[in-house]
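Structure file my_file_14.pdb with PDB, C-alpha atoms:
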ATOM      1  CA  MET W 457      68.423  18.014  68.347
ATOM      2  CA  SER W 458      70.111  19.697  71.279
ATOM      3  CA  GLY W 459      70.131  23.497  71.056
ATOM      4  CA  ALA W 460      66.983  23.448  68.866
ATOM      5  CA  HIS W 461      63.975  25.356  70.185
ATOM      6  CA  LYS W 462      60.732  23.629  71.057
ATOM      7  CA  PRO W 463      58.115  25.009  68.646
ATOM      8  CA  ASN W 464      55.162  26.854  70.155
ATOM      9  CA  VAL W 465      52.506  26.967  67.437
ATOM     10  CA  LYS W 466      49.989  28.923  69.560
ATOM     11  CA  ALA W 467      52.564  31.666  70.183
ATOM     12  CA  TYR W 468      53.465  31.718  66.451
ATOM     13  CA  LEU W 469      49.829  32.270  65.466
ATOM     14  CA  ALA W 470      49.315  34.947  68.156
ATOM     15  CA  VAL W 471      52.415  36.810  66.887
ATOM     16  CA  PHE W 472      51.141  36.453  63.304
ATOM     17  CA  ALA W 473      47.822  38.087  64.298
ATOM     18  CA  ALA W 474      49.640  40.880  66.188
ATOM     19  CA  LEU W 475      51.908  41.579  63.173
ATOM     20  CA  MET W 476      48.899  41.812  60.847
ATOM     21  CA  VAL W 477      47.087  44.215  63.198
ATOM     22  CA  LEU W 478      50.219  46.368  63.651
ATOM     23  CA  THR W 479      50.672  46.564  59.857
ATOM     24  CA  VAL W 480      47.080  47.813  59.490
ATOM     25  CA  VAL W 481      47.785  50.385  62.261
ATOM     26  CA  THR W 482      50.998  51.594  60.543
ATOM     27  CA  VAL W 483      49.275  52.044  57.189
ATOM     28  CA  SER W 484      46.181  53.701  58.736
ATOM     29  CA  VAL W 485      48.331  56.194  60.655
ATOM     30  CA  SER W 486      50.147  57.117  57.429
ATOM     31  CA  TYR W 487      46.802  58.285  55.942
ATOM     32  CA  TRP W 488      46.581  60.959  58.670
ATOM     33  CA  HIS W 489      49.541  62.625  56.890
ATOM     34  CA  LEU W 490      51.188  63.702  60.146
ATOM     35  CA  PRO W 491      54.131  66.134  60.043
ATOM     36  CA  PRO W 492      57.496  64.338  59.558
ATOM     37  CA  ALA W 493      58.668  64.310  63.227
ATOM     38  CA  PRO W 494      55.657  62.541  64.842
ATOM     39  CA  ALA W 495      55.194  60.376  61.722
ATOM     40  CA  ILE W 496      58.800  59.124  61.990
ATOM     41  CA  ALA W 497      58.522  58.580  65.771
ATOM     42  CA  LEU W 498      55.274  56.607  65.474
ATOM     43  CA  GLY W 499      56.377  54.657  62.374
ATOM     44  CA  LEU W 500      59.670  53.669  64.015
ATOM     45  CA  ALA W 501      57.969  52.703  67.298
ATOM     46  CA  ILE W 502      55.522  50.347  65.566
ATOM     47  CA  ALA W 503      58.250  48.892  63.316
ATOM     48  CA  THR W 504      60.476  48.258  66.356
ATOM     49  CA  LEU W 505      57.612  46.508  68.152
ATOM     50  CA  LYS W 506      56.957  44.311  65.085
ATOM     51  CA  ALA W 507      60.670  43.549  64.705
ATOM     52  CA  GLY W 508      60.853  42.655  68.423
ATOM     53  CA  LEU W 509      57.990  40.162  68.033
ATOM     54  CA  VAL W 510      59.596  38.524  64.978
ATOM     55  CA  ALA W 511      63.006  38.315  66.681
ATOM     56  CA  ALA W 512      61.663  37.062  70.037
ATOM     57  CA  PHE W 513      59.248  34.411  68.767
ATOM     58  CA  PHE W 514      59.979  33.493  65.142
ATOM     59  CA  MET W 515      63.779  33.736  65.552
ATOM     60  CA  HIS W 516      63.520  32.227  69.050
ATOM     61  CA  LEU W 517      65.577  34.971  70.711
ATOM     62  CA  LYS W 518      63.278  34.559  73.699
ATOM     63  CA  GLY W 519      65.080  31.908  75.707
ATOM     64  CA  GLU W 520      68.234  32.058  73.571
ATOM     65  CA  ARG W 521      71.758  31.517  74.946
ATOM     66  CA  LEU W 522      73.712  34.359  76.501
ATOM     67  CA  LEU W 523      76.368  34.178  73.794
ATOM     68  CA  ILE W 524      73.849  35.180  71.098
ATOM     69  CA  TYR W 525      72.606  38.073  73.272
ATOM     70  CA  GLY W 526      76.208  39.266  73.691
ATOM     71  CA  LEU W 527      76.859  39.001  69.961
ATOM     72  CA  LEU W 528      73.709  40.967  69.126
ATOM     73  CA  GLY W 529      74.403  43.497  71.902
ATOM     74  CA  ILE W 530      77.761  44.361  70.295
ATOM     75  CA  THR W 531      76.079  44.566  66.870
ATOM     76  CA  VAL W 532      73.331  46.880  68.125
ATOM     77  CA  PHE W 533      75.912  49.106  69.861
ATOM     78  CA  PHE W 534      77.940  49.584  66.685
ATOM     79  CA  MET W 535      74.758  49.986  64.647
ATOM     80  CA  ALA W 536      73.756  52.831  66.997
ATOM     81  CA  VAL W 537      77.195  54.443  66.500
ATOM     82  CA  LEU W 538      76.804  54.048  62.736
ATOM     83  CA  PHE W 539      73.407  55.762  62.840
ATOM     84  CA  THR W 540      74.222  58.495  65.339
ATOM     85  CA  LEU W 541      77.533  59.987  64.218
ATOM     86  CA  PRO W 542      76.726  60.708  60.528
ATOM     87  CA  THR W 543      73.163  61.813  61.399
ATOM     88  CA  TRP W 544      74.446  64.187  64.097
ATOM     89  CA  ASP W 545      77.027  65.578  61.685
ATOM     90  CA  SER W 546      74.545  66.188  58.849
ATOM     91  CA  TRP W 547      72.032  67.690  61.278
ATOM     92  CA  ASP W 548      74.759  70.118  62.428
ATOM     93  CA  ILE W 549      75.647  71.077  58.861
ATOM     94  CA  ARG W 550      71.943  71.648  58.087
ATOM     95  CA  GLU W 551      71.504  73.882  61.149
ATOM     96  CA  MET W 552      74.645  75.880  60.343
ATOM     97  CA  THR W 553      73.528  76.372  56.722
ATOM     98  CA  GLN W 554      70.129  77.611  57.902
ATOM     99  CA  ARG W 555      71.753  80.026  60.404
ATOM    100  CA  VAL W 556      73.962  81.465  57.664
ATOM    101  CA  GLU W 557      70.950  81.889  55.380
ATOM    102  CA  VAL W 558      68.930  83.644  58.119
ATOM    103  CA  ALA W 559      71.824  85.957  59.155
ATOM    104  CA  ALA W 560      72.882  86.942  55.640
ATOM    105  CA  PRO W 561      70.444  85.678  53.015
ATOM    106  CA  HIS W 562      72.037  87.594  50.109
ATOM    107  CA  GLN W 563      75.594  86.398  50.773
ATOM    108  CA  ALA W 564      74.351  82.875  51.375
ATOM    109  CA  ALA W 565      72.450  82.932  48.087
ATOM    110  CA  ALA W 566      75.509  84.347  46.316
ATOM    111  CA  ALA W 567      77.704  81.654  47.890
ATOM    112  CA  HIS W 568      75.366  79.022  46.465
ATOM    113  CA  HIS W 569      75.961  80.368  42.916
TER     114      HIS W 569
ATOM    115  CA  MET J 779      79.695   8.848  68.720
ATOM    116  CA  ASN J 780      79.106   8.848  64.950
ATOM    117  CA  HIS J 781      80.189  11.654  62.638
ATOM    118  CA  ALA J 782      76.772  13.379  62.505
ATOM    119  CA  ALA J 783      76.438  13.327  66.290
ATOM    120  CA  THR J 784      79.927  14.806  66.625
ATOM    121  CA  MET J 785      79.025  17.612  64.218
ATOM    122  CA  GLN J 786      75.766  18.197  66.022
ATOM    123  CA  ALA J 787      77.300  18.231  69.493
ATOM    124  CA  ASP J 788      77.071  21.584  71.237
ATOM    125  CA  TYR J 789      80.227  23.309  72.280
ATOM    126  CA  GLU J 790      80.615  22.775  75.988
ATOM    127  CA  GLU J 791      81.406  26.453  76.466
ATOM    128  CA  THR J 792      78.531  27.913  74.423
ATOM    129  CA  GLY J 793      75.720  25.359  74.283
ATOM    130  CA  ILE J 794      75.155  26.368  70.644
ATOM    131  CA  THR J 795      75.959  24.459  67.489
ATOM    132  CA  ASN J 796      78.693  25.892  65.262
ATOM    133  CA  ALA J 797      76.182  26.291  62.438
ATOM    134  CA  LYS J 798      73.825  28.408  64.532
ATOM    135  CA  LEU J 799      76.614  30.590  65.923
ATOM    136  CA  GLY J 800      77.958  31.056  62.387
ATOM    137  CA  LEU J 801      74.530  32.015  61.092
ATOM    138  CA  TRP J 802      74.023  34.617  63.817
ATOM    139  CA  LEU J 803      77.475  36.075  63.055
ATOM    140  CA  PHE J 804      76.481  36.270  59.377
ATOM    141  CA  LEU J 805      73.204  37.987  60.331
ATOM    142  CA  ALA J 806      75.182  40.468  62.475
ATOM    143  CA  SER J 807      77.179  41.414  59.360
ATOM    144  CA  GLU J 808      73.904  41.705  57.412
ATOM    145  CA  ILE J 809      72.517  44.047  60.092
ATOM    146  CA  MET J 810      75.545  46.309  59.601
ATOM    147  CA  LEU J 811      75.143  46.186  55.793
ATOM    148  CA  PHE J 812      71.519  47.344  55.918
ATOM    149  CA  ALA J 813      72.295  49.818  58.742
ATOM    150  CA  THR J 814      74.847  51.453  56.434
ATOM    151  CA  LEU J 815      72.185  51.882  53.753
ATOM    152  CA  PHE J 816      69.641  53.247  56.246
ATOM    153  CA  THR J 817      72.246  55.746  57.513
ATOM    154  CA  THR J 818      72.998  56.789  53.936
ATOM    155  CA  TYR J 819      69.271  57.322  53.398
ATOM    156  CA  ILE J 820      68.971  59.485  56.557
ATOM    157  CA  VAL J 821      72.030  61.603  55.655
ATOM    158  CA  LEU J 822      70.875  62.121  52.057
ATOM    159  CA  ARG J 823      67.348  63.014  53.179
ATOM    160  CA  LEU J 824      68.607  65.482  55.817
ATOM    161  CA  GLY J 825      70.907  67.127  53.279
ATOM    162  CA  ALA J 826      68.346  67.353  50.470
ATOM    163  CA  GLY J 827      66.628  70.653  49.656
ATOM    164  CA  SER J 828      63.366  68.786  49.142
ATOM    165  CA  TRP J 829      62.387  65.154  49.522
ATOM    166  CA  PRO J 830      59.079  63.542  48.491
ATOM    167  CA  ARG J 831      56.899  61.877  51.118
ATOM    168  CA  GLY J 832      56.841  58.157  50.259
ATOM    169  CA  TRP J 833      53.068  57.916  49.808
ATOM    170  CA  GLU J 834      53.108  60.715  47.197
ATOM    171  CA  VAL J 835      55.324  58.845  44.736
ATOM    172  CA  LEU J 836      55.252  55.129  45.666
ATOM    173  CA  ASN J 837      52.469  52.536  45.504
ATOM    174  CA  VAL J 838      51.428  52.070  49.167
ATOM    175  CA  PRO J 839      48.632  49.481  48.514
ATOM    176  CA  LEU J 840      51.049  47.172  46.633
ATOM    177  CA  ALA J 841      53.716  47.543  49.345
ATOM    178  CA  THR J 842      51.088  46.887  52.049
ATOM    179  CA  ALA J 843      50.023  43.714  50.215
ATOM    180  CA  ASN J 844      53.692  42.683  50.090
ATOM    181  CA  THR J 845      54.014  43.295  53.841
ATOM    182  CA  PHE J 846      51.112  40.912  54.492
ATOM    183  CA  VAL J 847      52.677  38.370  52.107
ATOM    184  CA  LEU J 848      56.090  38.487  53.803
ATOM    185  CA  ILE J 849      54.644  38.280  57.336
ATOM    186  CA  SER J 850      52.535  35.295  56.233
ATOM    187  CA  SER J 851      55.647  33.648  54.790
ATOM    188  CA  SER J 852      57.410  34.091  58.134
ATOM    189  CA  VAL J 853      54.629  32.235  59.944
ATOM    190  CA  THR J 854      54.575  29.422  57.340
ATOM    191  CA  MET J 855      58.365  29.175  57.826
ATOM    192  CA  VAL J 856      58.089  28.617  61.598
ATOM    193  CA  LEU J 857      55.276  26.114  60.988
ATOM    194  CA  ALA J 858      57.606  24.234  58.587
ATOM    195  CA  TYR J 859      60.234  24.265  61.357
ATOM    196  CA  ALA J 860      57.652  22.908  63.833
ATOM    197  CA  LYS J 861      56.848  20.071  61.390
ATOM    198  CA  SER J 862      60.550  19.252  61.004
ATOM    199  CA  VAL J 863      60.838  18.960  64.804
ATOM    200  CA  GLU J 864      57.720  16.716  64.869
ATOM    201  CA  LYS J 865      59.228  14.619  62.045
ATOM    202  CA  ASP J 866      56.127  15.137  59.872
ATOM    203  CA  LEU J 867      57.431  15.152  56.288
ATOM    204  CA  PRO J 868      54.136  15.890  54.435
ATOM    205  CA  GLY J 869      53.407  18.751  56.888
ATOM    206  CA  PHE J 870      56.931  20.105  56.402
ATOM    207  CA  LYS J 871      56.607  19.956  52.604
ATOM    208  CA  LEU J 872      53.266  21.780  52.753
ATOM    209  CA  TRP J 873      54.410  24.686  54.956
ATOM    210  CA  MET J 874      57.839  25.018  53.324
ATOM    211  CA  GLY J 875      56.146  24.912  49.899
ATOM    212  CA  LEU J 876      53.826  27.732  50.968
ATOM    213  CA  THR J 877      56.811  29.750  52.249
ATOM    214  CA  ILE J 878      58.494  29.428  48.840
ATOM    215  CA  LEU J 879      55.241  30.309  47.051
ATOM    216  CA  LEU J 880      54.710  33.423  49.204
ATOM    217  CA  GLY J 881      58.317  34.478  48.530
ATOM    218  CA  LEU J 882      57.590  34.215  44.788
ATOM    219  CA  VAL J 883      54.346  36.215  45.206
ATOM    220  CA  PHE J 884      56.392  38.950  46.931
ATOM    221  CA  LEU J 885      58.767  39.077  43.934
ATOM    222  CA  VAL J 886      55.902  39.176  41.405
ATOM    223  CA  ILE J 887      54.251  42.110  43.235
ATOM    224  CA  LYS J 888      57.620  43.860  43.450
ATOM    225  CA  GLY J 889      58.057  43.206  39.722
ATOM    226  CA  PHE J 890      54.742  44.978  38.993
ATOM    227  CA  GLU J 891      55.868  47.892  41.155
ATOM    228  CA  TYR J 892      59.241  48.180  39.398
ATOM    229  CA  GLY J 893      57.571  47.724  35.980
ATOM    230  CA  ALA J 894      55.180  50.625  36.623
ATOM    231  CA  LYS J 895      58.093  52.852  37.662
ATOM    232  CA  PHE J 896      60.128  51.960  34.539
ATOM    233  CA  ASN J 897      57.070  52.568  32.310
ATOM    234  CA  HIS J 898      56.823  56.069  33.764
ATOM    235  CA  GLY J 899      60.502  56.670  33.001
ATOM    236  CA  LEU J 900      61.533  56.454  36.669
ATOM    237  CA  PHE J 901      64.952  54.843  37.165
ATOM    238  CA  PRO J 902      67.690  54.928  39.858
ATOM    239  CA  SER J 903      69.290  57.782  37.888
ATOM    240  CA  THR J 904      66.079  59.879  37.998
ATOM    241  CA  SER J 905      66.720  61.377  41.452
ATOM    242  CA  ILE J 906      68.478  60.676  44.750
ATOM    243  CA  PHE J 907      65.132  59.493  46.148
ATOM    244  CA  TYR J 908      64.768  56.856  43.411
ATOM    245  CA  ALA J 909      68.455  55.884  43.732
ATOM    246  CA  VAL J 910      67.830  55.169  47.441
ATOM    247  CA  TYR J 911      64.501  53.431  46.732
ATOM    248  CA  PHE J 912      65.876  51.086  44.042
ATOM    249  CA  THR J 913      69.126  50.338  45.929
ATOM    250  CA  MET J 914      67.413  49.420  49.202
ATOM    251  CA  THR J 915      64.443  47.506  47.772
ATOM    252  CA  GLY J 916      66.732  45.901  45.157
ATOM    253  CA  LEU J 917      69.187  44.600  47.765
ATOM    254  CA  HIS J 918      66.248  43.374  49.850
ATOM    255  CA  GLY J 919      64.744  41.666  46.769
ATOM    256  CA  LEU J 920      68.098  39.943  46.156
ATOM    257  CA  HIS J 921      67.908  38.574  49.717
ATOM    258  CA  VAL J 922      64.373  37.297  49.023
ATOM    259  CA  ILE J 923      65.638  35.475  45.892
ATOM    260  CA  ILE J 924      68.496  33.856  47.863
ATOM    261  CA  GLY J 925      66.066  32.836  50.648
ATOM    262  CA  ILE J 926      63.712  31.231  48.098
ATOM    263  CA  LEU J 927      66.626  29.261  46.576
ATOM    264  CA  VAL J 928      67.785  28.014  50.015
ATOM    265  CA  ASN J 929      64.230  27.042  51.026
ATOM    266  CA  ALA J 930      63.605  25.347  47.647
ATOM    267  CA  TYR J 931      66.793  23.331  48.133
ATOM    268  CA  PHE J 932      65.599  22.114  51.550
ATOM    269  CA  TRP J 933      62.103  21.380  50.166
ATOM    270  CA  LEU J 934      63.674  19.105  47.518
ATOM    271  CA  ALA J 935      66.319  17.630  49.837
ATOM    272  CA  SER J 936      63.788  16.815  52.570
ATOM    273  CA  SER J 937      62.685  13.689  50.619
ATOM    274  CA  SER J 938      66.074  12.086  51.246
ATOM    275  CA  GLN J 939      67.486  14.066  54.213
ATOM    276  CA  PHE J 940      64.459  14.513  56.476
ATOM    277  CA  ASP J 941      65.661  11.961  59.040
ATOM    278  CA  HIS J 942      69.230  13.281  59.077
ATOM    279  CA  PRO J 943      70.085  14.426  62.626
ATOM    280  CA  LEU J 944      71.192  17.845  61.371
ATOM    281  CA  PHE J 945      68.100  18.526  59.223
ATOM    282  CA  THR J 946      66.064  20.344  61.909
ATOM    283  CA  GLY J 947      69.027  22.592  62.713
ATOM    284  CA  ARG J 948      69.363  23.431  59.026
ATOM    285  CA  ILE J 949      65.698  24.409  58.810
ATOM    286  CA  GLU J 950      66.123  26.549  61.921
ATOM    287  CA  GLY J 951      69.075  28.223  60.168
ATOM    288  CA  SER J 952      67.250  28.882  56.891
ATOM    289  CA  GLY J 953      64.333  30.152  59.014
ATOM    290  CA  LEU J 954      66.611  32.624  60.839
ATOM    291  CA  TYR J 955      67.723  34.013  57.475
ATOM    292  CA  TRP J 956      64.145  34.190  56.131
ATOM    293  CA  HIS J 957      62.885  35.998  59.260
ATOM    294  CA  PHE J 958      65.781  38.452  58.949
ATOM    295  CA  VAL J 959      64.606  39.257  55.412
ATOM    296  CA  ASP J 960      61.142  39.909  56.891
ATOM    297  CA  LEU J 961      62.697  42.107  59.628
ATOM    298  CA  VAL J 962      64.459  44.300  57.059
ATOM    299  CA  TRP J 963      61.167  44.779  55.177
ATOM    300  CA  ILE J 964      59.419  45.738  58.451
ATOM    301  CA  PHE J 965      61.730  48.817  58.574
ATOM    302  CA  LEU J 966      61.956  49.416  54.813
ATOM    303  CA  PHE J 967      58.188  49.592  54.352
ATOM    304  CA  PRO J 968      57.456  52.550  56.675
ATOM    305  CA  GLY J 969      60.895  54.108  56.035
ATOM    306  CA  LEU J 970      60.456  54.393  52.262
ATOM    307  CA  TYR J 971      56.685  54.289  51.646
ATOM    308  CA  LEU J 972      54.994  55.873  54.654
ATOM    309  CA  LEU J 973      57.269  58.680  55.917
TER     310      LEU J 973
END
Write the structure described by the file as structure tokens, please.
Amino acid sequence: MSGAHKPNVKAYLAVFAALMVLTVVTVSVSYWHLPPAPAIALGLAIATLKAGLVAAFFMHLKGERLLIYGLLGITVFFMAVLFTLPTWDSWDIREMTQRVEVAAPHQAAAAHH
Amino acid sequence: MNHAATMQADYEETGITNAKLGLWLFLASEIMLFATLFTTYIVLRLGAGSWPRGWEVLNVPLATANTFVLISSSVTMVLAYAKSVEKDLPGFKLWMGLTILLGLVFLVIKGFEYGAKFNHGLFPSTSIFYAVYFTMTGLHGLHVIIGILVNAYFWLASSSQFDHPLFTGRIEGSGLYWHFVDLVWIFLFPGLYLL
């Protein structure tokens, strides 16, 4: 069929092996019980690498038409907006709350009640 | 040009079949749906006074086993696609059958995980953490069920439709959906269980 991708079984099996190894790495790293910031950074980096392999080889994005890239580019842009704005806002609120609590702990505690 | 060939013909402007373009548009909407839930999770976690680390309260070995199962099902899915391109019906039935079986194994393991939580009196109403956990894994599980139904339909229909000119494209489409389900789990697993 035109538009269908030519299967590459060797590449599929290589990606399968890589995904298995990366899963073992992710789980092993979690047993180090790292503090949240590096744990999130490392966990996200490995997950993104795994997702990239699945998308590129299993979903055949490698060698896909420009139209699909454009479509996904727009999606990723809006997904980034969706992630960033609320996260930024709640981070700000958290920081402000902490500043209030440090500057005037008694009033802040009273305000909570 | 017969009807099937007309339907299969690529758009001159895009070089992509309508079905494939439609499926990618659907997946784009699915990306936004799960992104909304991930954002909700981040905002709730940032705003919470305390939040459990996933490994303290969830079953990491079971979720790790499920990760291996889902990755394996993704590779059996592409092998089924390869067999549909090669026009090898027994090979297609074997790999697609394994994909369906692995999907069912994922659900059974998830069932054990949910069962253990319910037995300990842990429900979505227990805490915000469990509300997030059950909502995200529940919606993902629903996608797994739908994927199994679609794949089971094609497994059954392959006996009569295998030589249809659109069949390979349909398997590529159901594969795209199944791999997307795997992709979501790739982020859910560390996001909920390991961080």
How would you write, as a ChimeraX atom specification, the residues chosen by the PyMOL selection byres ((chain W) within 8 of (chain J)) on this structure? /W:457-460,462-465,468-469,472,475-476,479,482-483,486,492,495-496,499-500,503-504,506-507,510-511,514-515,521,523-524,527-528,531,535,538-539,542-543,546-547,550
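The spacing separating atom CA of J:Leu876 from atom CA of W:Ala473 amounts to 17.9 Å.
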How far is it from atom CA of W:Ala512 to atom CA of W:Ala470, in Å with one decimal?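 Interatomic distance here is 12.7 Å.
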Write out as a PDB file with C-alpha atoms, in the frame of the given file the residues lying within 10 Å of stretch 923-936 of chain J, counting all atoms listed in the file and excluding same-chain residues fewer than 4 positions away.
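Wrote it out as result08.pdb, contents follow:
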ATOM      1  CA  MET J 855      58.365  29.175  57.826  1.00  0.00           C
ATOM      2  CA  ALA J 858      57.606  24.234  58.587  1.00  0.00           C
ATOM      3  CA  SER J 862      60.550  19.252  61.004  1.00  0.00           C
ATOM      4  CA  LEU J 867      57.431  15.152  56.288  1.00  0.00           C
ATOM      5  CA  PRO J 868      54.136  15.890  54.435  1.00  0.00           C
ATOM      6  CA  PHE J 870      56.931  20.105  56.402  1.00  0.00           C
ATOM      7  CA  LYS J 871      56.607  19.956  52.604  1.00  0.00           C
ATOM      8  CA  LEU J 872      53.266  21.780  52.753  1.00  0.00           C
ATOM      9  CA  TRP J 873      54.410  24.686  54.956  1.00  0.00           C
ATOM     10  CA  MET J 874      57.839  25.018  53.324  1.00  0.00           C
ATOM     11  CA  GLY J 875      56.146  24.912  49.899  1.00  0.00           C
ATOM     12  CA  THR J 877      56.811  29.750  52.249  1.00  0.00           C
ATOM     13  CA  ILE J 878      58.494  29.428  48.840  1.00  0.00           C
ATOM     14  CA  LEU J 879      55.241  30.309  47.051  1.00  0.00           C
ATOM     15  CA  LEU J 880      54.710  33.423  49.204  1.00  0.00           C
ATOM     16  CA  GLY J 881      58.317  34.478  48.530  1.00  0.00           C
ATOM     17  CA  LEU J 882      57.590  34.215  44.788  1.00  0.00           C
ATOM     18  CA  PHE J 884      56.392  38.950  46.931  1.00  0.00           C
ATOM     19  CA  LEU J 885      58.767  39.077  43.934  1.00  0.00           C
ATOM     20  CA  LEU J 917      69.187  44.600  47.765  1.00  0.00           C
ATOM     21  CA  HIS J 918      66.248  43.374  49.850  1.00  0.00           C
ATOM     22  CA  GLY J 919      64.744  41.666  46.769  1.00  0.00           C
ATOM     23  CA  PHE J 940      64.459  14.513  56.476  1.00  0.00           C
ATOM     24  CA  ASP J 941      65.661  11.961  59.040  1.00  0.00           C
ATOM     25  CA  HIS J 942      69.230  13.281  59.077  1.00  0.00           C
ATOM     26  CA  PHE J 945      68.100  18.526  59.223  1.00  0.00           C
ATOM     27  CA  ARG J 948      69.363  23.431  59.026  1.00  0.00           C
ATOM     28  CA  ILE J 949      65.698  24.409  58.810  1.00  0.00           C
ATOM     29  CA  SER J 952      67.250  28.882  56.891  1.00  0.00           C
ATOM     30  CA  GLY J 953      64.333  30.152  59.014  1.00  0.00           C
ATOM     31  CA  TYR J 955      67.723  34.013  57.475  1.00  0.00           C
ATOM     32  CA  TRP J 956      64.145  34.190  56.131  1.00  0.00           C
ATOM     33  CA  HIS J 957      62.885  35.998  59.260  1.00  0.00           C
ATOM     34  CA  VAL J 959      64.606  39.257  55.412  1.00  0.00           C
TER      35      VAL J 959
END
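Closest approach to J:Ala841 from the set J:Thr904, J:Gly893, J:Gly899, J:Ile887 is made by J:Ile887, with distances taken over all atoms listed in the file.
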